[in-house]
file start_9.cif (mmCIF, C-alpha atoms)
data_work
#
loop_
_atom_site.label_atom_id
_atom_site.label_comp_id
_atom_site.auth_asym_id
_atom_site.auth_seq_id
_atom_site.Cartn_x
_atom_site.Cartn_y
_atom_site.Cartn_z
CA MET A 2 -45.56 3.43 -68.46
CA ILE A 3 -45.61 6.50 -66.23
CA ILE A 4 -46.46 4.37 -63.22
CA LYS A 5 -43.62 1.94 -64.12
CA LYS A 6 -41.11 4.82 -64.30
CA ILE A 7 -42.33 6.18 -60.98
CA VAL A 8 -41.89 2.73 -59.38
CA GLN A 9 -38.42 2.37 -60.87
CA HIS A 10 -37.42 5.87 -59.74
CA THR A 11 -38.75 5.21 -56.23
CA ALA A 12 -36.83 1.93 -56.06
CA MET A 13 -33.62 3.71 -57.10
CA LEU A 14 -34.12 6.40 -54.48
CA THR A 15 -34.77 3.76 -51.83
CA LEU A 16 -31.61 1.87 -52.81
CA ALA A 17 -29.56 5.10 -52.82
CA ALA A 18 -30.92 6.00 -49.40
CA ALA A 19 -30.08 2.54 -48.07
CA VAL A 20 -26.53 2.79 -49.41
CA SER A 21 -26.22 6.26 -47.95
CA ILE A 22 -27.42 5.09 -44.53
CA SER A 23 -25.09 2.09 -44.65
CA ALA A 24 -22.09 4.24 -45.57
CA SER A 25 -23.00 6.75 -42.89
CA SER A 26 -23.20 3.96 -40.30
CA VAL A 27 -19.75 2.69 -41.22
CA HIS A 28 -18.29 6.17 -41.05
CA ALA A 29 -20.01 6.85 -37.73
CA ASP A 30 -18.83 3.59 -36.16
CA SER A 31 -17.48 4.07 -32.68
CA VAL A 32 -15.23 1.85 -30.64
CA ASN A 33 -16.16 0.99 -27.07
CA TYR A 34 -13.00 1.48 -24.98
CA ILE A 35 -13.67 -0.10 -21.60
CA ILE A 36 -11.64 0.97 -18.59
CA PRO A 37 -11.93 -1.68 -15.84
CA PHE A 38 -11.74 0.97 -13.12
CA GLY A 39 -13.77 4.02 -12.20
CA PRO A 40 -13.27 7.40 -13.91
CA GLY A 41 -10.47 9.78 -12.94
CA GLY A 42 -7.59 7.36 -12.51
CA GLU A 43 -4.47 7.21 -14.64
CA SER A 44 -5.97 4.53 -16.91
CA ASP A 45 -8.84 6.90 -17.64
CA VAL A 46 -6.52 9.90 -18.07
CA SER A 47 -4.32 8.12 -20.60
CA ALA A 48 -7.31 6.74 -22.53
CA ARG A 49 -8.66 10.27 -22.89
CA MET A 50 -5.28 11.41 -24.17
CA GLN A 51 -5.57 8.75 -26.89
CA GLN A 52 -9.16 9.70 -27.73
CA SER A 53 -8.60 12.83 -29.79
CA PHE A 54 -5.62 11.39 -31.64
CA TYR A 55 -7.63 8.32 -32.61
CA LYS A 56 -10.44 10.48 -33.98
CA GLU A 57 -8.00 12.61 -35.95
CA LYS A 58 -6.17 9.64 -37.48
CA PHE A 59 -8.95 7.14 -38.09
CA GLY A 60 -12.14 9.20 -38.19
CA ASP A 61 -14.01 7.14 -35.62
CA ASP A 62 -14.76 7.82 -31.98
CA LEU A 63 -13.28 6.06 -28.99
CA VAL A 64 -16.18 5.98 -26.56
CA ILE A 65 -14.81 5.44 -23.07
CA SER A 66 -16.89 3.46 -20.60
CA TYR A 67 -16.14 1.98 -17.19
CA LYS A 68 -16.51 -1.44 -15.58
CA PRO A 69 -14.99 -1.13 -12.11
CA GLY A 70 -14.83 -3.90 -9.54
CA GLY A 71 -12.24 -6.12 -7.90
CA GLY A 72 -9.38 -3.80 -8.79
CA GLY A 73 -9.92 -4.45 -12.50
CA ALA A 74 -10.82 -8.14 -12.17
CA ALA A 75 -14.51 -7.67 -12.96
CA GLY A 76 -13.69 -6.15 -16.33
CA TRP A 77 -10.96 -8.61 -17.28
CA ALA A 78 -13.11 -11.59 -16.29
CA SER A 79 -15.78 -10.36 -18.70
CA LEU A 80 -13.49 -9.51 -21.62
CA ASN A 81 -13.62 -12.80 -23.50
CA GLY A 82 -17.39 -12.83 -23.39
CA LEU A 83 -17.47 -9.70 -25.56
CA ASN A 84 -17.63 -9.54 -29.35
CA GLY A 85 -14.22 -9.92 -30.99
CA ASP A 86 -15.11 -7.93 -34.10
CA GLY A 87 -12.72 -5.13 -33.15
CA GLN A 88 -15.37 -2.67 -31.99
CA THR A 89 -14.63 -3.30 -28.31
CA ILE A 90 -11.25 -2.97 -26.60
CA MET A 91 -10.30 -2.92 -22.92
CA GLY A 92 -7.52 -1.34 -20.91
CA VAL A 93 -5.13 -3.68 -19.10
CA ASN A 94 -2.64 -3.06 -16.31
CA LEU A 95 0.49 -4.73 -15.01
CA PRO A 96 1.18 -6.11 -12.50
CA HIS A 97 -2.57 -6.46 -11.87
CA ILE A 98 -3.33 -9.06 -14.55
CA VAL A 99 -0.46 -11.22 -13.27
CA ILE A 100 -0.77 -10.93 -9.50
CA LYS A 101 -4.56 -11.07 -9.09
CA PRO A 102 -5.13 -14.49 -10.67
CA ALA A 103 -2.01 -15.80 -8.89
CA GLN A 104 -3.55 -14.87 -5.53
CA LYS A 105 -6.98 -16.43 -6.03
CA ASP A 106 -9.67 -17.31 -8.56
CA VAL A 107 -10.77 -13.99 -10.07
CA GLY A 108 -12.48 -15.35 -13.18
CA PHE A 109 -9.52 -15.06 -15.55
CA THR A 110 -5.90 -16.11 -15.90
CA THR A 111 -3.05 -14.00 -17.23
CA LYS A 112 -2.98 -16.05 -20.44
CA ASP A 113 -6.69 -15.36 -21.00
CA ILE A 114 -5.97 -11.68 -21.64
CA ASN A 115 -5.33 -10.96 -25.32
CA THR A 116 -3.11 -7.90 -24.86
CA PHE A 117 -2.02 -6.43 -28.20
CA TYR A 118 -0.17 -3.26 -27.16
CA MET A 119 1.60 -1.82 -24.12
CA PHE A 120 1.83 1.90 -24.70
CA HIS A 121 3.21 3.41 -21.51
CA TYR A 122 4.09 2.96 -17.87
CA THR A 123 4.10 5.21 -14.85
CA PRO A 124 7.58 4.72 -13.37
CA ASP A 125 7.80 3.97 -9.67
CA ALA A 126 9.24 6.82 -7.65
CA ILE A 127 9.92 7.56 -4.01
CA VAL A 128 8.20 10.86 -3.24
CA VAL A 129 8.45 13.10 -0.19
CA LYS A 130 6.95 16.46 0.67
CA ALA A 131 8.96 19.51 -0.33
CA ASP A 132 9.72 20.27 3.34
CA SER A 133 10.89 16.73 4.13
CA PRO A 134 14.29 16.40 5.80
CA PHE A 135 15.09 13.73 3.21
CA GLN A 136 16.94 15.58 0.47
CA THR A 137 18.31 12.46 -1.19
CA LEU A 138 17.53 8.76 -1.42
CA GLN A 139 20.52 8.05 0.80
CA ASP A 140 18.99 10.24 3.53
CA LEU A 141 15.90 8.01 3.56
CA ILE A 142 18.01 4.83 3.54
CA ASP A 143 20.15 6.04 6.43
CA ASP A 144 17.08 6.87 8.51
CA ALA A 145 15.44 3.52 7.71
CA LYS A 146 18.59 1.66 8.77
CA ALA A 147 18.84 3.62 12.01
CA ASN A 148 15.12 3.20 12.76
CA PRO A 149 13.82 -0.07 11.24
CA GLY A 150 10.13 0.16 10.39
CA ALA A 151 9.84 3.81 11.42
CA VAL A 152 9.84 5.13 7.84
CA VAL A 153 6.19 4.78 6.89
CA MET A 154 5.40 4.84 3.18
CA SER A 155 2.02 5.13 1.47
CA GLY A 156 1.27 3.31 -1.76
CA SER A 157 -1.50 2.19 -4.06
CA GLY A 158 -2.91 -1.08 -2.76
CA LYS A 159 -1.44 -4.39 -1.67
CA ALA A 160 0.42 -6.36 -4.35
CA SER A 161 0.34 -3.27 -6.58
CA ALA A 162 3.32 -1.96 -8.54
CA ASN A 163 4.08 0.31 -5.58
CA ASN A 164 3.97 -2.54 -3.07
CA LEU A 165 6.22 -4.76 -5.21
CA ALA A 166 8.65 -1.87 -5.63
CA GLN A 167 8.77 -1.29 -1.87
CA ILE A 168 9.45 -4.96 -1.21
CA LYS A 169 12.18 -5.13 -3.84
CA PHE A 170 13.88 -1.90 -2.78
CA ASP A 171 13.87 -2.76 0.93
CA LYS A 172 15.67 -6.00 0.07
CA MET A 173 18.18 -4.27 -2.23
CA ALA A 174 18.95 -1.47 0.24
CA GLY A 175 19.00 -3.73 3.31
CA ILE A 176 16.31 -1.70 5.09
CA LYS A 177 12.89 -2.22 6.62
CA THR A 178 10.13 0.30 5.90
CA THR A 179 6.44 0.13 6.73
CA TYR A 180 4.08 0.08 3.75
CA VAL A 181 0.52 1.39 4.13
CA SER A 182 -1.77 0.64 1.20
CA PHE A 183 -4.40 3.11 0.05
CA LYS A 184 -7.15 2.86 -2.53
CA GLY A 185 -5.35 4.39 -5.47
CA THR A 186 -2.55 6.85 -6.13
CA GLY A 187 -4.77 9.83 -5.32
CA ALA A 188 -5.50 8.63 -1.78
CA SER A 189 -1.87 7.66 -1.29
CA THR A 190 -0.78 11.17 -2.29
CA VAL A 191 -3.32 12.78 0.04
CA ALA A 192 -1.81 10.75 2.88
CA LEU A 193 1.65 12.07 2.01
CA LEU A 194 0.56 15.69 1.74
CA GLY A 195 -1.41 15.37 4.98
CA ASP A 196 1.65 14.13 6.91
CA GLN A 197 0.06 10.75 7.60
CA VAL A 198 3.18 9.04 6.25
CA THR A 199 6.90 9.79 5.97
CA ALA A 200 7.17 9.19 2.23
CA GLN A 201 5.28 7.69 -0.68
CA TRP A 202 5.89 4.94 -3.16
CA GLY A 203 4.24 6.82 -5.97
CA TYR A 204 4.92 7.48 -9.63
CA THR A 205 6.47 10.17 -11.79
CA THR A 206 2.89 11.28 -12.48
CA VAL A 207 2.66 12.39 -8.84
CA GLY A 208 5.65 14.66 -9.42
CA ALA A 209 4.02 16.06 -12.56
CA LYS A 210 0.70 16.71 -10.86
CA GLN A 211 1.93 18.01 -7.49
CA GLY A 212 4.81 20.14 -8.79
CA LYS A 213 6.72 22.05 -6.11
CA ALA A 214 4.66 20.53 -3.28
CA VAL A 215 6.72 17.33 -3.50
CA ARG A 216 10.24 16.12 -4.22
CA MET A 217 11.09 12.84 -5.91
CA LEU A 218 14.20 11.12 -4.59
CA ALA A 219 14.59 8.56 -7.39
CA VAL A 220 12.69 7.15 -10.38
CA ALA A 221 12.60 3.59 -11.68
CA MET A 222 13.66 4.25 -15.26
CA GLU A 223 16.59 3.37 -17.50
CA LYS A 224 17.28 7.08 -18.03
CA ARG A 225 16.09 10.20 -16.25
CA HIS A 226 12.61 11.39 -17.12
CA PRO A 227 12.84 14.43 -19.43
CA LEU A 228 10.31 16.28 -17.26
CA PHE A 229 12.53 15.77 -14.19
CA PRO A 230 16.14 16.00 -15.36
CA GLU A 231 17.33 16.70 -11.82
CA VAL A 232 15.89 13.47 -10.36
CA PRO A 233 18.28 10.48 -10.49
CA THR A 234 17.26 6.97 -11.48
CA PHE A 235 17.58 4.12 -9.02
CA LYS A 236 20.08 2.53 -11.41
CA GLU A 237 22.37 5.56 -11.21
CA LEU A 238 22.33 5.22 -7.45
CA GLY A 239 23.25 1.54 -7.56
CA TYR A 240 19.82 -0.14 -7.44
CA ASP A 241 18.75 -2.10 -10.49
CA MET A 242 15.09 -1.07 -10.53
CA VAL A 243 13.14 -0.24 -13.66
CA GLY A 244 9.37 -0.53 -13.67
CA GLY A 245 6.06 0.73 -12.45
CA ALA A 246 2.42 0.41 -13.47
CA TYR A 247 2.24 -0.66 -17.11
CA ARG A 248 -0.79 0.09 -19.23
CA GLY A 249 -1.94 -1.48 -22.45
CA ILE A 250 -5.01 -2.57 -24.38
CA ALA A 251 -6.55 -5.97 -25.05
CA LEU A 252 -9.13 -7.50 -27.39
CA PRO A 253 -11.45 -10.43 -26.68
CA SER A 254 -9.73 -13.74 -27.40
CA SER A 255 -12.12 -14.38 -30.30
CA ALA A 256 -10.60 -11.48 -32.29
CA SER A 257 -8.95 -12.61 -35.50
CA ALA A 258 -5.21 -12.32 -36.09
CA ALA A 259 -5.93 -9.64 -38.68
CA THR A 260 -7.96 -7.63 -36.14
CA VAL A 261 -5.20 -7.92 -33.54
CA THR A 262 -2.59 -6.74 -36.06
CA GLU A 263 -4.76 -3.84 -37.24
CA TRP A 264 -5.33 -2.64 -33.70
CA SER A 265 -1.67 -3.01 -32.80
CA ASN A 266 -0.76 -0.87 -35.80
CA ARG A 267 -3.35 1.77 -34.91
CA ILE A 268 -2.20 2.22 -31.32
CA GLY A 269 1.40 2.16 -32.53
CA GLU A 270 0.60 4.99 -34.94
CA ILE A 271 -0.87 7.07 -32.11
CA ASN A 272 2.12 6.29 -29.89
CA ALA A 273 4.49 7.48 -32.62
CA ASP A 274 2.79 10.85 -32.97
CA PRO A 275 5.17 13.56 -31.65
CA GLU A 276 2.35 15.59 -30.12
CA PHE A 277 0.93 12.55 -28.37
CA ARG A 278 4.33 11.65 -27.00
CA LYS A 279 4.82 15.20 -25.76
CA THR A 280 1.42 15.13 -24.06
CA MET A 281 2.23 11.87 -22.32
CA LEU A 282 5.67 12.96 -21.16
CA ASN A 283 4.28 16.25 -19.84
CA GLY A 284 1.85 14.21 -17.77
CA GLY A 285 4.73 12.31 -16.20
CA PHE A 286 4.20 9.08 -18.15
CA ALA A 287 6.99 7.08 -19.82
CA LEU A 288 6.33 5.77 -23.33
CA LEU A 289 6.47 2.10 -24.30
CA ASP A 290 6.12 0.59 -27.74
CA ILE A 291 5.38 -3.09 -27.24
CA GLY A 292 3.19 -4.26 -30.11
CA ALA A 293 1.44 -7.56 -30.76
CA SER A 294 4.50 -9.24 -32.27
CA GLN A 295 6.59 -8.51 -29.16
CA MET A 296 3.92 -9.12 -26.56
CA ASP A 297 4.60 -12.78 -25.74
CA ALA A 298 8.25 -12.16 -24.86
CA PHE A 299 7.42 -9.00 -22.91
CA MET A 300 4.68 -10.70 -20.88
CA LYS A 301 6.83 -13.74 -20.18
CA ALA A 302 9.62 -11.58 -18.72
CA ARG A 303 7.32 -9.35 -16.68
CA THR A 304 5.28 -12.28 -15.37
CA ALA A 305 8.37 -14.14 -14.17
CA GLU A 306 9.68 -11.06 -12.33
CA TYR A 307 6.34 -10.21 -10.68
CA LEU A 308 5.72 -13.77 -9.48
CA LEU A 309 9.26 -14.05 -8.11
CA ASP A 310 8.94 -10.80 -6.13
CA ALA A 311 5.42 -11.58 -4.91
CA ARG A 312 6.40 -15.07 -3.70
CA ALA A 313 9.46 -13.73 -1.93
CA ALA A 314 7.23 -11.27 -0.10
CA GLY A 315 4.61 -13.88 0.78
CA LEU A 316 1.94 -12.15 -1.30
CA ILE A 317 1.28 -15.37 -3.21
CA LYS A 318 2.06 -19.04 -2.57
#
call {"tool": "encode", "arguments": {"input": "start_9.cif", "output": "structure tokens"}}
result
Amino acid sequence: MIIKKIVQHTAMLTLAAAVSISASSVHADSVNYIIPFGPGGESDVSARMQQSFYKEKFGDDLVISYKPGGGGAAGWASLNGLNGDGQTIMGVNLPHIVIKPAQKDVGFTTKDINTFYMFHYTPDAIVVKADSPFQTLQDLIDDAKANPGAVVMSGSGKASANNLAQIKFDKMAGIKTTYVSFKGTGASTVALLGDQVTAQWGYTTVGAKQGKAVRMLAVAMEKRHPLFPEVPTFKELGYDMVGGAYRGIALPSSASAATVTEWSNRIGEINADPEFRKTMLNGGFALLDIGASQMDAFMKARTAEYLLDARAAGLIK
């Protein structure tokens, strides 16, 4: 009898321990948040801004990892081969996921990417050094008209948001500028500060990071950025330009509808947090709230615009 009780007690302890371990594992679950670029870029910066808010709201960790290569293509091409159980998500960028597969076979198509939330964008901006003779956008336009091709502008890569903005603005303003692509916004900014170029097609984040070292002539937003109330929008100045580099998050295509909805709601909850919004705006970002239910319409509109601009510029066939 004593032996039987000992066996029963041991079995109960074993079961309790197993339940405890199982519960602990669930609580300690972490989500692998893959950034398809190297560390230090704006995709990485914004993911790390989300990290602490996710932990606070949902109790789990967002573990950020990197899969660089092909300007994001290596990561996106691998996305649908990952488990769709909701424990792995991946950052996505526009116009990258539209333009890259339109240029050549990169292992994925735009429709392959199961984007469930677009949470911000970095608005395009024309940036000059603080000591530049260009005090206004009109100053730059006048110079470019008087000296076609002589205004040299740095930007982040060919067929990037910066490059598409330069192409579109040159056409709208009736000017010709020279675009020099660099490997990322950081390198493009270094070229500006080092007087290698006349001006930069950068983002509002450049203004936030560089402060008084630079001056933004215009930003591609519907309304002025609250961090830069003195900087006009292109629209105010007569140029219908709103856009930049958009960032969102995707799941593997095998994720269930319920998983997609849950994740959309979670990122939406973070995006609605006043402190998170303040953090993003202080970094120069502009908030977006495009959830899963709105994504198809949003992507359709953005894709049509990007392909039209890229074809007009000869960047794609």
call {"tool": "resolve_selection", "arguments": {"input": "start_9.cif", "expression": "the PyMOL selection byres ((chain A and resi 98-107) around 12)", "output": "ChimeraX atom specification"}}
result
/A:37,70-79,92-97,108-116,158-162,164-165,246-251,300-312,315-318
call {"tool": "closest_residue", "arguments": {"input": "start_9.cif", "among": "A:Pro275, A:Val64, A:Phe170, A:Thr179", "to": "Gln52 in chain A", "atoms": "all atoms listed in the file"}}
result
A:Val64
call {"tool": "closest_residue", "arguments": {"input": "start_9.cif", "among": "A:Ser66, A:Thr260, A:Thr186, A:Thr178", "to": "Gln88 in chain A", "atoms": "all atoms listed in the file"}}
result
A:Thr260
call {"tool": "residues_around", "arguments": {"input": "start_9.cif", "residues": "range 189-200 of chain A", "least_positions_apart": "5", "cutoff": "6 Å", "atoms": "all atoms listed in the file", "output": "ChimeraX atom specification"}}
result
/A:128-129,152-156,183
call {"tool": "write_last_selection", "arguments": {"input": "start_9.cif", "atoms": "C-alpha atoms", "output": "compact mmCIF listing (two decimals), in the frame of the given file"}}
result
# COMPACT_ATOMS: atom_id res chain seq x y z
CA VAL A 128 8.20 10.86 -3.24
CA VAL A 129 8.45 13.10 -0.19
CA VAL A 152 9.84 5.13 7.84
CA VAL A 153 6.19 4.78 6.89
CA MET A 154 5.40 4.84 3.18
CA SER A 155 2.02 5.13 1.47
CA GLY A 156 1.27 3.31 -1.76
CA PHE A 183 -4.40 3.11 0.05
call {"tool": "residues_around", "arguments": {"input": "start_9.cif", "residues": "range 229-237 of chain A", "least_positions_apart": "6", "cutoff": "7 Å", "atoms": "only C-alpha atoms", "output": "PyMOL selection string"}}
result
chain A and resi 217-222
call {"tool": "residues_around", "arguments": {"input": "start_9.cif", "residues": "Glu57 in chain A", "least_positions_apart": "5", "cutoff": "12 Å", "atoms": "only C-alpha atoms", "output": "PDB file with C-alpha atoms, in the frame of the given file"}}
result
ATOM      1  CA  GLN A  51      -5.570   8.750 -26.890  1.00  0.00           C
ATOM      2  CA  GLN A  52      -9.160   9.700 -27.730  1.00  0.00           C
ATOM      3  CA  ASP A  62     -14.760   7.820 -31.980  1.00  0.00           C
ATOM      4  CA  LEU A  63     -13.280   6.060 -28.990  1.00  0.00           C
ATOM      5  CA  ARG A 267      -3.350   1.770 -34.910  1.00  0.00           C
ATOM      6  CA  GLU A 270       0.600   4.990 -34.940  1.00  0.00           C
ATOM      7  CA  ILE A 271      -0.870   7.070 -32.110  1.00  0.00           C
ATOM      8  CA  ASP A 274       2.790  10.850 -32.970  1.00  0.00           C
ATOM      9  CA  PHE A 277       0.930  12.550 -28.370  1.00  0.00           C
TER      10      PHE A 277
END
call {"tool": "atom_distance", "arguments": {"input": "start_9.cif", "atom1": "CA of Thr137 in chain A", "atom2": "CA of Arg216 in chain A"}}
result
9.4 Å
call {"tool": "atom_distance", "arguments": {"input": "start_9.cif", "atom1": "CA of Asn81 in chain A", "atom2": "CA of Ser254 in chain A"}}
result
5.6 Å
call {"tool": "atom_distance", "arguments": {"input": "start_9.cif", "atom1": "CA of Asp297 in chain A", "atom2": "CA of Met119 in chain A"}}
result
11.5 Å
call {"tool": "residues_around", "arguments": {"input": "start_9.cif", "residues": "Ile291 in chain A", "least_positions_apart": "3", "cutoff": "7 Å", "atoms": "all atoms listed in the file", "output": "list in words"}}
result
Tyr118, Met119, Phe120, Gln295 and Met296 of chain A
call {"tool": "residues_near_point", "arguments": {"input": "start_9.cif", "point": "(6.1, 10.4, -19.7)", "cutoff": "9 Å", "atoms": "all atoms listed in the file", "output": "list in words"}}
result
His121, Tyr122, Thr123, Pro124, Thr205, Thr206, His226, Pro227, Leu228, Arg278, Lys279, Thr280, Met281, Leu282, Asn283, Gly284, Gly285, Phe286, Ala287 and Leu288 of chain A
call {"tool": "build_atoms", "arguments": {"input": "start_9.cif", "residues": "range 188-208 of chain A", "atoms": "N, CA and C atoms", "output": "short mmCIF file (atom, residue, chain, number, x, y, z; two decimals), in the frame of the given file"}}
result
data_model
loop_
_atom_site.label_atom_id
_atom_site.label_comp_id
_atom_site.auth_asym_id
_atom_site.auth_seq_id
_atom_site.Cartn_x
_atom_site.Cartn_y
_atom_site.Cartn_z
N ALA A 188 -5.39 8.75 -3.24
CA ALA A 188 -5.50 8.63 -1.78
C ALA A 188 -4.13 8.50 -1.13
N SER A 189 -3.24 7.80 -1.79
CA SER A 189 -1.87 7.66 -1.29
C SER A 189 -1.16 9.01 -1.24
N THR A 190 -1.40 9.83 -2.25
CA THR A 190 -0.78 11.17 -2.29
C THR A 190 -1.37 12.08 -1.22
N VAL A 191 -2.67 12.00 -1.01
CA VAL A 191 -3.32 12.78 0.04
C VAL A 191 -2.70 12.45 1.40
N ALA A 192 -2.43 11.17 1.62
CA ALA A 192 -1.81 10.75 2.88
C ALA A 192 -0.43 11.37 3.05
N LEU A 193 0.33 11.44 1.96
CA LEU A 193 1.65 12.07 2.01
C LEU A 193 1.53 13.55 2.31
N LEU A 194 0.70 14.25 1.56
CA LEU A 194 0.56 15.69 1.74
C LEU A 194 -0.04 16.06 3.09
N GLY A 195 -0.80 15.13 3.67
CA GLY A 195 -1.41 15.37 4.98
C GLY A 195 -0.56 14.90 6.15
N ASP A 196 0.69 14.56 5.87
CA ASP A 196 1.65 14.13 6.91
C ASP A 196 1.21 12.88 7.66
N GLN A 197 0.43 12.03 6.99
CA GLN A 197 0.06 10.75 7.60
C GLN A 197 1.17 9.72 7.46
N VAL A 198 2.07 9.96 6.51
CA VAL A 198 3.18 9.04 6.25
C VAL A 198 4.46 9.85 6.08
N THR A 199 5.60 9.14 6.12
CA THR A 199 6.90 9.79 5.97
C THR A 199 7.21 10.07 4.51
N ALA A 200 6.86 9.11 3.66
CA ALA A 200 7.17 9.19 2.23
C ALA A 200 6.15 8.37 1.47
N GLN A 201 6.25 8.40 0.17
CA GLN A 201 5.28 7.69 -0.68
C GLN A 201 6.02 6.88 -1.74
N TRP A 202 5.56 5.64 -1.94
CA TRP A 202 5.89 4.94 -3.16
C TRP A 202 4.83 5.34 -4.17
N GLY A 203 5.18 6.32 -4.97
CA GLY A 203 4.24 6.82 -5.97
C GLY A 203 4.81 6.63 -7.36
N TYR A 204 4.48 7.54 -8.24
CA TYR A 204 4.92 7.48 -9.63
C TYR A 204 5.41 8.86 -10.07
N THR A 205 6.06 8.89 -11.22
CA THR A 205 6.47 10.17 -11.79
C THR A 205 5.27 11.07 -12.07
N THR A 206 4.10 10.48 -12.25
CA THR A 206 2.89 11.28 -12.48
C THR A 206 2.53 12.11 -11.24
N VAL A 207 2.90 11.61 -10.07
CA VAL A 207 2.66 12.39 -8.84
C VAL A 207 3.51 13.65 -8.87
N GLY A 208 4.77 13.50 -9.30
CA GLY A 208 5.65 14.66 -9.42
C GLY A 208 5.12 15.67 -10.42
#
